[in-house]
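Participant: I have a structure I would like to understand better, so I am pasting it below and will then ask my questions one at a time.
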Amino acid sequence: MAQGYFNSSPPLTTKSQQELEDFLVNILDSVIFCFLHHLLCLSGALASILNIIILSKYGLHETSSILLFSMSVSDLICSIVQPIRKLNCIVAQFDPLLAKNTKFYIGANFFSLPDFFIAISTLHTAVIAVERLIAVCFPLKMLWIFTTYRVKCLVLFIYIYAVVMMMPTLFLGEILWTVDPKTNNTIAEFMFSQFYKSNFHHMNEFMYFALPKLLATFPLALITVCSIIIGYKIVVRRKTTLTQMSSIVSKEVKERKVVKMLLTVCVVNASMFLPTEVINMFFLYSSTLLRPSDSVYFSLRSFYIIIGQIKATVNFIIYITMSSKFELILKEICYCRKKKKKK
């Protein structure tokens, strides 16, 4: 993954084609991925902050509230660290040399950091899907299986699991600082770390085969299967299921509207990450089949980042439009602020 980003690729066919491709990709990267990316990060951060405030006001007494709160925290951190990846495109407007050094420094030290929280968010969605499935299909066992203590432990495990699995990706490269004799400027050069060189084949197998399956493919497949079953239960066997739920399960899932909201979160999140899975498959086979240039590779990578970043804002919209309690708390917060301003 890092190799395609930092190493140079041979020309496609002619120099003019390569120059044209680089020119178009640079425009795309500057206009769309630089501006849009930071705008989405700001939007995602604001949406996540509102989610955290509203869920805190509501109280973390329900298992679903704990999961949504933790996922919002993960989305917030992701929205904060995501702009680091594209910091060089802003710096390039003022100092191209510093932008180049920034790009390599960030690439060597922080390039995979946002992926930690994208994976954590996906795992949260998978747990929500399983929880809703059990609530719909086995309401009598719901409160016994998903207690607040167990869910908190599960949330902690998700963070530890994702960090442990992703940790090796932080040690792929290192920076070598050299002085350009012509300009007498200090230049950063990226080089693969000794750790990566010593475990080259194992690391590639781990990054390209194990990680995508464990942190993306399997969770998304689980979300899809659970969502289909829940949808079937709601549509086809609606009356009996909702009767059982309203008498057994906690207040959070009494209303059918809440079940639909959480189902929508699962379906929308799975649908949004489907393109990223296709892109990951492209990355997996491109090294042997398609051989993309660095610019194309990095642009696809940016597209993957943007899709992941939209999720936080979309989740907030789902909560507001499909949860009356969520909307009510938001209105109360806005009303309190208006009263303070008047005073």
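Ordering of the structure tokens sets the chain letters (A, B, ...); residue numbers start at 1 within each chain; ligands are numbered from 1 in the order shown.
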Stretch 52-234 of chain A: which residues are strand (DSSP E or B) by DSSP, as JSON, numbers by chain?
Facilitator: {"A": [173, 174, 175, 176, 177, 178, 179, 186, 187, 188, 189, 190, 191, 192]}
Participant: Contacts of A:Thr178 at 7 Å or less, counting only C-alpha atoms, minus same-chain residues fewer than 3 places along, as a PDB file with C-alpha atoms, in the first residue's frame?
Facilitator:
ATOM      1  CA  THR A 186      17.059  20.185   3.692  1.00  0.00           C
ATOM      2  CA  ILE A 187      14.979  17.595   1.849  1.00  0.00           C
ATOM      3  CA  ALA A 188      13.028  14.683   3.281  1.00  0.00           C
TER       4      ALA A 188
END
Participant: List every residue of stretch 73-109 of chain A that has an atom at most 12 Å from any atom of stretch 156-175 of chain A, giving for each one its closest atom pair and the distance in Å to one decimal, counting only C-alpha atoms, sorted by chain and then by ascending residue number, as a Markdown table.
Facilitator:
| residue | atom | partner | partner_atom | distance |
| --- | --- | --- | --- | --- |
| A:Val73 | CA | A:Tyr159 | CA | 11.3 |
| A:Ser74 | CA | A:Tyr159 | CA | 9.1 |
| A:Asn101 | CA | A:Ile175 | CA | 9.4 |
| A:Thr102 | CA | A:Ile175 | CA | 10.7 |
| A:Lys103 | CA | A:Ile175 | CA | 10.8 |
| A:Phe104 | CA | A:Ile175 | CA | 7.3 |
| A:Tyr105 | CA | A:Ile175 | CA | 6.4 |
| A:Ile106 | CA | A:Ile175 | CA | 9.6 |
| A:Gly107 | CA | A:Gly173 | CA | 7.8 |
| A:Ala108 | CA | A:Gly173 | CA | 4.8 |
| A:Asn109 | CA | A:Leu170 | CA | 6.3 |
Participant: Among stretch 26-267 of chain A, which ones does DSSP place in helix (DSSP H, G or I), written as a ChimeraX atom specification?
Facilitator: /A:26-58,63-85,87-91,96-109,113-137,139-145,148-171,194-198,200-236,238-248,251-253,256-267
Participant: State, in Å with one decimal place, the distance from atom CA of A:Asn315 to atom CA of A:Ser48.
Facilitator: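 These atoms are spaced 8.7 Å apart.
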Participant: What's the separation between atom CA of A:Thr321 and atom CA of A:Thr264, in Å to one decimal place?
Facilitator: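 Between atom CA of A:Thr321 and atom CA of A:Thr264 the gap is 11.1 Å.
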Participant: Here is a test: counting only C-alpha atoms, which residue of A:Gly308, A:Pro219, A:Pro212, A:Pro83 is nearest to A:His124?
Facilitator: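 Closest residue, counting only C-alpha atoms: A:Pro219.
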Participant: If I take atom CA of A:Thr313 and atom CA of A:Cys153, how far is one from the other in Å, to one decimal?
Facilitator: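 Between these atoms lies a distance of 26.7 Å.
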Participant: With only C-alpha atoms as the atoms that count, which of A:Leu262, A:Asn199, A:Phe35, A:Lys331 lies nearest to A:Val130?
Facilitator: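 Closest to A:Val130, using only C-alpha atoms: A:Leu262.
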